[in-house]
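Data block below; observations after.
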Amino acid sequence: MRGYSKLSSNNIYHEMIIDYSRNPLNFGEIEGCDVTHHDSNPLCGDSLDMDLKFEDGRVSDVKFRGKGCAICIACSSVLTEIVKGKSVEDVRSIQKGDILSELGLEHLQAVRIKCALLSLKILKFALYKHLAKTHTDGSAESLKEEASGLY
Amino acid sequence: MRGYSKLSSNNIYHEMIIDYSRNPLNFGEIEGCDVTHHDSNPLCGDSLDMDLKFEDGRVSDVKFRGKGCAICIACSSVLTEIVKGKSVEDVRSIQKGDILSELGLEHLQAVRIKCALLSLKILKFALYKHLAKTHTDGSAESLKEEASGLY
Amino acid sequence: MPDVRGDFPILGRSVHDKRLVYLDNASTSQKPRQVLDKMSDYYHNTNSNIHRAVYVIAEESTAKYEEVRDKVARFVGASDRREIVFVRGTTEAINLVAYSWGRSNVNEGDIIVTTEYEHHSNIVPWQILAKERGAKLEYINIDDNGELELDDLERHLATGRVKLVAFSLMSNVLGTISDASRIIAMCRQAGVCTLVDGAQAVPHMQVNVSEMRCDFFTFSGHKMLAPTGVGVLQASRKMLESMAPFHGGGDMIREVHRQETTWNDVPYKFEAGTPSIADVIGLGAAIDYLENIGMSRVRDHEVELTEYALKKLGEIKNLRIYGTRDISKRGGVISFNFEDIHPHDVAQIIDEDGIAMRSGHHCAQVLMEKLGVAATSRVSFYIYNTREDIDILVESLHRVARIFKVE
Amino acid sequence: MPDVRGDFPILGRSVHDKRLVYLDNASTSQKPRQVLDKMSDYYHNTNSNIHRAVYVIAEESTAKYEEVRDKVARFVGASDRREIVFVRGTTEAINLVAYSWGRSNVNEGDIIVTTEYEHHSNIVPWQILAKERGAKLEYINIDDNGELELDDLERHLATGRVKLVAFSLMSNVLGTISDASRIIAMCRQAGVCTLVDGAQAVPHMQVNVSEMRCDFFTFSGHKMLAPTGVGVLQASRKMLESMAPFHGGGDMIREVHRQETTWNDVPYKFEAGTPSIADVIGLGAAIDYLENIGMSRVRDHEVELTEYALKKLGEIKNLRIYGTRDISKRGGVISFNFEDIHPHDVAQIIDEDGIAMRSGHHCAQVLMEKLGVAATSRVSFYIYNTREDIDILVESLHRVARIFKVE
Ligand SMILES: Cc1ncc(COP(=O)(O)O)c(C=O)c1O
Ligand SMILES: Cc1ncc(COP(=O)(O)O)c(C=O)c1O
């Protein structure tokens, strides 16, 4: 992640958001990824795809692409940065607060929360798809619930 | 018709209405009538049948039966009395005011007007049915319109 | 019961120079200041469309609207806010089920069961559906006390062809409270879905859909102190998710393409177009108001009034009261008839004394046919009615008897 | 245009310490005191159910409700009050036609035609219908000016399989005013029915359905100063009489028997259940208010504002405006996009300056796909907007450009 200090401004459109949105990290496609997932926000038209690649129980690579507002794209950038290299268990435990606080978006209003968390929702669902393949005991199910209950 | 004088009372439940409703005139059925018609008021449950018999272009007999409130039954009584013996042309020209004024019901509120005029609506429609059989030139059509436009 | 009359501006009104005695609560209730103020506040301060925009007042609107969903869920004991679909009223709720669930679950030769004491809105949609699908509509008959003959239900269920049993929790004519837990247990045993019409029950007694375990539950706001224009369909998420959408349009979609569309999550899948936002907010205020009193107090008050009214009306000569006298099995709705006097005439004469009472078939013509009458007179009580209201009614009914010379 | 701002209490409100600049009128309009007072008066004085009871307040309610039917008929130039069906809004009106008319008139291989700039509520019901009946849904495409390509229509009509052409009189995204008289003439020539979605037109310009000669006409109250919860379907009596009912329930019936039911006269056949009575009464007051100003003055005012806004917005760098610049062919709706800035971000930043503006797909994803964007920013004007509102908007958009460094 780039080395911004968190801004104290009430204004959510601080430098970091603008910058990430104009130059997103991990934007693109992974050839031969292990799992890919698409979702969209019906009411605002944000629409993303995320690709994940795993190696030795870790996320070896992650990329996203699609259309979204600055908040959506900045949050996707931050999320993918957080995820990269992490173990599946660690990725599973990522909470929405982790993303929001990283960008100073704790007070985002309800309707924009969807923009901020779309990528997290997609990630959780992608992880579910991945784990469901190998974990036939239903232990992945809670991820699906978690994804759909995010907002 | 019985010899009541019209009452000036605001109260619509004067003697004449009560009396006609409890002892209606021309209540019953005509065996071998020329035309019969049924209608009802969907919102109050009043429901009447009327039978007509014609001779030499005149209404030689008319009877009604069914369920209705005092106003409905009193108006039906008065209407059948008016109609009996009249020429088809004269019956055709009966107006709603003729019935209402006969019973001092000029100021009846909208929802009760339907009770007062159900029998007139049935009469007009029955007459239409009768005339349409012989008058194939469409001259009876206006009666149908008139019936459906009464209230 | 606290004295709430001061909260209802319309009760201060006079009619024919008499004070208004409003006894038509089964048709629609009056609205307290608190509900009107909340709606007024909405239009004065935050009016805007919901679910769609990022500006402040739209966010406030959306929050207020969605907050009511939580409130409704809690009020009727639903286990999840997503079980609550806002509609115009009970009628729309039942039609939604008939179109969406009915058209994919009811097939030729199947049976839908309703009851003899249903409101037209719980009969006609099933007639239309049955005709369209080649199914049959059967009735649970009522006994002389106005209670459902559950043997009929048993007999229908035994055919193995029943797909749905639809019944009201409280009859809008007889006031009978259905034995819902028994009916639903019988249906569940037979693997048959149930729809409970709560239009008359929800305003007057505590209801808990999770305990009742019906598949569909419906009610109207306007009978429970809320404005016209809003009602509720409740069903489990699983059920709602399995159903095809009903109305198509804005808000109920996820993505629209030229030929293909995907649906939004429940309950939004069933809320196409701009809803009655202000009316929904009014419903929230009505629930607050009722919870503040407490539904058991509401019920107690009505039991007391109903007992008193049954006694006083029972003393009038030539007046027949329909339905059970067992107060534990009935709500605050009393239908009656004077022998030989049409209920329309009764209603009109007592209107002169300021009394608002319904006469007619009460949208229950199947029941009227059963009772062998075209219409009945009906009084129905709510939190603001008093014993004095009943005294005025009884006095006025004596006047009717005198005019028609039946006393 | 008289200064009407004082009639709209919400316009006195501040947002983030700025005065509220409300520019989302295409979504829903604000309500004047006169409308709110009328509804409040209704609840305070005559609230009761309609069409059913003989007591005074029920009679007053019914009269007030039915009076609005006359008003609406006159306002849109219908030839008979019985052509006016009250529904919740445009969405319900279109669904009513799709279910009731559509299911008995559209068959396998038939074609329904809509347009690329329709609102989802004029697309999704037809998709559902087409899928159910094995029919096809075709589109009239738009040209670079955002106007309908009538050659497409010609081509579709030439197949001889078209059953209905459904189009909006004014686009809610581009503001384009459709050439309704030409489209309808083409359709009548081919013996094809037309449905006109007047949701965006009726609030903003004089409409006359009798002159337009469409078969179905729909609009919503909440976009024309009236409350949420009420809208209108207009169609000829003959058409309505030929149609099967939609919702079953109270009021829409003549006689209900156990297995057979007969329908009430039109329009009541289509108004099942307790309607949004107070909202209908509010619609009446809204029409009074608009007629008092005069629809041509409403249109003139918006033409002037739109011209001014097009000019001022056109001066902003990197800002693209969609749709025609020919003011005679457009209403007071302007969609635009900053290059490289998502409209959600634009809306949120200008919200800080008190401006309520929509961003999103505006329930027109087919159009978004055509424009090649996920969303647009949209401002839309009404009688209470001023040049100053536009100046504040433009100033704020410059701030957005600075934050995103595109200026
Ligand atoms: C038992 C019952 N069901 C359904 C309805 C219909 O409710 P609504 O007219 O609000 O749709 C009513 C009231 O009229 C009722 O009493
Ligand atoms: C052109 C058009 N059609 C239909 C609608 C849907 O109207 P409603 O949401 O009131 O049903 C709208 C507004 O949202 C619209 O702009």
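Every chain in the structure tokens takes a letter, A first, then B, and so on in the order presented; its residues are numbered from 1, and the ligands are numbered from 1 following the presented order.
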Practice problem: Check chain A with DSSP on the backbone and list each residue it calls strand (DSSP E), as a list in words. | Solution: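 Result set for chain A (strand (DSSP E)): Val35, Thr36, His37, His38, Asp39, Ser40, Ser47, Leu48, Asp49, Met50, Asp51, Leu52, Lys53, Phe54, Glu55, Arg58, Val59, Ser60, Asp61, Val62, Lys63, Phe64, Arg65, Gly66 and Lys67 of chain A.
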Step by step, measure atom-to-atom distances between ligand 2 and each residue using only C-alpha atoms and all ligand atoms, keep those at most 7 Å, then write them as a CSV table (one decimal) with N, CA and C atoms, in the first residue's frame.
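As written to disk, out_31.csv reads:
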chain,number,residue,atom,x,y,z
C,250,GLY,N,-38.9,-0.4,-11.6
C,250,GLY,CA,-37.7,0.1,-10.9
C,250,GLY,C,-37.6,-0.5,-9.5
C,273,GLY,N,-41.3,0.0,-8.3
C,273,GLY,CA,-41.8,1.4,-8.4
C,273,GLY,C,-41.7,2.2,-7.1
C,274,THR,N,-42.0,3.4,-7.2
C,274,THR,CA,-42.0,4.3,-6.0
C,274,THR,C,-43.1,3.8,-5.1
D,26,ALA,N,-37.3,14.9,-11.3
D,26,ALA,CA,-37.7,13.8,-12.1
D,26,ALA,C,-37.9,12.5,-11.3
D,27,SER,N,-37.2,12.5,-10.1
D,27,SER,CA,-37.4,11.3,-9.2
D,27,SER,C,-38.7,11.5,-8.4
D,89,GLY,N,-49.0,4.1,-8.9
D,89,GLY,CA,-48.1,4.9,-9.7
D,89,GLY,C,-48.0,4.3,-11.1
D,90,THR,N,-47.1,4.9,-11.9
D,90,THR,CA,-46.9,4.5,-13.2
D,90,THR,C,-46.6,3.0,-13.3
D,91,THR,N,-45.7,2.6,-12.4
D,91,THR,CA,-45.3,1.2,-12.4
D,91,THR,C,-46.5,0.2,-12.3
D,92,GLU,N,-47.4,0.5,-11.3
D,92,GLU,CA,-48.5,-0.4,-11.2
D,92,GLU,C,-49.4,-0.3,-12.4
D,118,GLU,N,-36.5,3.9,-22.3
D,118,GLU,CA,-37.6,3.7,-21.3
D,118,GLU,C,-37.0,3.5,-19.9
D,119,HIS,N,-37.8,3.9,-19.0
D,119,HIS,CA,-37.7,3.6,-17.6
D,119,HIS,C,-37.9,2.0,-17.4
D,121,SER,N,-39.7,0.5,-15.6
D,121,SER,CA,-41.1,0.1,-15.5
D,121,SER,C,-41.9,0.0,-16.8
D,122,ASN,N,-41.3,0.5,-17.9
D,122,ASN,CA,-41.9,0.3,-19.2
D,122,ASN,C,-41.0,-0.7,-20.0
D,168,SER,N,-42.4,6.3,-23.6
D,168,SER,CA,-42.6,7.5,-22.7
D,168,SER,C,-42.7,8.8,-23.5
D,170,MET,N,-41.9,11.6,-22.2
D,170,MET,CA,-40.7,12.3,-22.0
D,170,MET,C,-39.7,11.4,-21.3
D,171,SER,N,-38.5,11.3,-21.8
D,171,SER,CA,-37.4,10.5,-21.2
D,171,SER,C,-37.0,11.0,-19.8
D,172,ASN,N,-36.9,10.1,-18.8
D,172,ASN,CA,-36.5,10.6,-17.5
D,172,ASN,C,-35.0,10.8,-17.4
D,197,ASP,N,-46.3,6.3,-21.5
D,197,ASP,CA,-45.9,6.5,-20.1
D,197,ASP,C,-45.7,8.1,-20.0
D,198,GLY,N,-46.6,8.7,-19.2
D,198,GLY,CA,-46.6,10.1,-19.1
D,198,GLY,C,-46.0,10.6,-17.8
D,199,ALA,N,-45.3,9.7,-17.1
D,199,ALA,CA,-44.7,10.0,-15.8
D,199,ALA,C,-43.9,11.3,-15.7
D,200,GLN,N,-43.1,11.5,-16.8
D,200,GLN,CA,-42.3,12.7,-16.8
D,200,GLN,C,-43.0,13.9,-17.5
D,220,SER,N,-47.8,9.2,-12.5
D,220,SER,CA,-47.6,9.1,-11.1
D,220,SER,C,-47.9,10.5,-10.4
D,222,HIS,N,-46.8,11.5,-7.4
D,222,HIS,CA,-45.7,12.0,-6.6
D,222,HIS,C,-44.7,12.9,-7.4
Tell me, counting only C-alpha atoms and all ligand atoms, for each residue of chain D within 10 Å of ligand 1, which pair of atoms is nearest and how far apart they are in Å to one decimal, in rows ordered by chain and increasing number, as JSON lines.
{"residue": "D:Asn49", "atom": "CA", "partner": "ligand 1", "partner_atom_place_in_ligand_line": "9 (O)", "distance": 8.9}
{"residue": "D:Gly248", "atom": "CA", "partner": "ligand 1", "partner_atom_place_in_ligand_line": "11 (O)", "distance": 10.0}
{"residue": "D:Gly249", "atom": "CA", "partner": "ligand 1", "partner_atom_place_in_ligand_line": "6 (C)", "distance": 7.3}
{"residue": "D:Gly250", "atom": "CA", "partner": "ligand 1", "partner_atom_place_in_ligand_line": "9 (O)", "distance": 6.5}
{"residue": "D:Asp251", "atom": "CA", "partner": "ligand 1", "partner_atom_place_in_ligand_line": "9 (O)", "distance": 8.6}
{"residue": "D:Ala272", "atom": "CA", "partner": "ligand 1", "partner_atom_place_in_ligand_line": "11 (O)", "distance": 7.3}
{"residue": "D:Gly273", "atom": "CA", "partner": "ligand 1", "partner_atom_place_in_ligand_line": "9 (O)", "distance": 3.7}
{"residue": "D:Thr274", "atom": "CA", "partner": "ligand 1", "partner_atom_place_in_ligand_line": "9 (O)", "distance": 3.6}
{"residue": "D:Pro275", "atom": "CA", "partner": "ligand 1", "partner_atom_place_in_ligand_line": "9 (O)", "distance": 7.2}
{"residue": "D:Ser276", "atom": "CA", "partner": "ligand 1", "partner_atom_place_in_ligand_line": "10 (O)", "distance": 9.4}
Counting only C-alpha atoms, which residues of chain D fall within 12 Å of chain A, and what is the closest atom pair for each with its distance in Å at one decimal, ordered by chain and rising number, as a tab-separated table?
residue	atom	partner	partner_atom	distance
D:Glu339	CA	A:Arg22	CA	11.7
D:Asp340	CA	A:Arg22	CA	8.1
D:Ile341	CA	A:Cys69	CA	7.5
D:His342	CA	A:Cys69	CA	4.8
D:Pro343	CA	A:Cys69	CA	7.3
D:His344	CA	A:Cys69	CA	6.1
D:Asp345	CA	A:Cys69	CA	6.2
D:Val346	CA	A:Cys69	CA	9.3
D:Ala347	CA	A:Cys69	CA	10.8
D:Gln348	CA	A:Arg112	CA	9.1
D:Ile349	CA	A:Tyr13	CA	7.8
D:Ile350	CA	A:Tyr13	CA	11.5
D:Asp351	CA	A:Asn11	CA	11.5
D:Glu352	CA	A:Asn11	CA	9.0
D:Arg358	CA	A:Cys44	CA	10.3
D:Ser359	CA	A:Cys44	CA	7.6
D:Gly360	CA	A:Cys44	CA	4.8
D:His361	CA	A:Gly45	CA	6.4
D:His362	CA	A:Leu43	CA	8.5
D:Cys363	CA	A:Leu43	CA	8.1
D:Ala364	CA	A:Gly45	CA	10.6
D:Gln365	CA	A:Gly45	CA	8.4
D:Val366	CA	A:Gly45	CA	11.8
D:Met368	CA	A:Gly45	CA	9.4
D:Glu369	CA	A:Gly45	CA	10.7
D:Gly372	CA	A:Lys67	CA	11.3
D:Val373	CA	A:Lys67	CA	9.0
D:Ala374	CA	A:Gly45	CA	5.3
D:Ala375	CA	A:Gly45	CA	6.3
D:Thr376	CA	A:Cys44	CA	9.8
D:Ser377	CA	A:Cys44	CA	11.2
D:Arg399	CA	A:Tyr13	CA	11.6
D:Val400	CA	A:Tyr13	CA	9.7
D:Ala401	CA	A:Ile18	CA	11.5
D:Arg402	CA	A:Ile18	CA	11.1
D:Ile403	CA	A:Tyr13	CA	7.7
D:Phe404	CA	A:Ile18	CA	6.5
D:Lys405	CA	A:Ile18	CA	9.1
D:Val406	CA	A:Arg22	CA	11.0
Do a neighbour search on C:Ile57 at 7 Å with only C-alpha atoms, toss out local chain neighbours closer than 2 positions, and write the hits as a PDB file with N, CA and C atoms, in the first residue's frame.
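Output contents, as saved in result39.pdb:
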ATOM      1  N   THR C  46     -38.015  15.869   4.820  1.00  0.00           N
ATOM      2  CA  THR C  46     -37.099  14.924   4.169  1.00  0.00           C
ATOM      3  C   THR C  46     -37.683  14.276   2.928  1.00  0.00           C
ATOM      4  N   ASN C  47     -38.806  14.770   2.429  1.00  0.00           N
ATOM      5  CA  ASN C  47     -39.419  14.124   1.272  1.00  0.00           C
ATOM      6  C   ASN C  47     -38.442  13.979   0.114  1.00  0.00           C
ATOM      7  N   SER C  48     -38.306  12.751  -0.363  1.00  0.00           N
ATOM      8  CA  SER C  48     -37.496  12.467  -1.548  1.00  0.00           C
ATOM      9  C   SER C  48     -37.652  10.993  -1.845  1.00  0.00           C
ATOM     10  N   TYR C  55     -27.733  12.059  -1.812  1.00  0.00           N
ATOM     11  CA  TYR C  55     -27.837  13.321  -1.076  1.00  0.00           C
ATOM     12  C   TYR C  55     -28.574  13.110   0.251  1.00  0.00           C
ATOM     13  N   GLU C  59     -31.101  10.074   1.790  1.00  0.00           N
ATOM     14  CA  GLU C  59     -30.573   9.126   2.764  1.00  0.00           C
ATOM     15  C   GLU C  59     -31.490   9.064   3.982  1.00  0.00           C
ATOM     16  N   GLU C  60     -31.976  10.248   4.409  1.00  0.00           N
ATOM     17  CA  GLU C  60     -32.885  10.292   5.556  1.00  0.00           C
ATOM     18  C   GLU C  60     -34.185   9.556   5.244  1.00  0.00           C
ATOM     19  N   SER C  61     -34.718   9.798   4.056  1.00  0.00           N
ATOM     20  CA  SER C  61     -35.947   9.125   3.625  1.00  0.00           C
ATOM     21  C   SER C  61     -35.777   7.621   3.662  1.00  0.00           C
TER      22      SER C  61
END
Exercise. Find, counting only C-alpha atoms, the residue in C:Ala130, C:Leu393, C:Ala286, C:Leu240 that gets nearest to C:Tyr268.
Key: C:Leu240
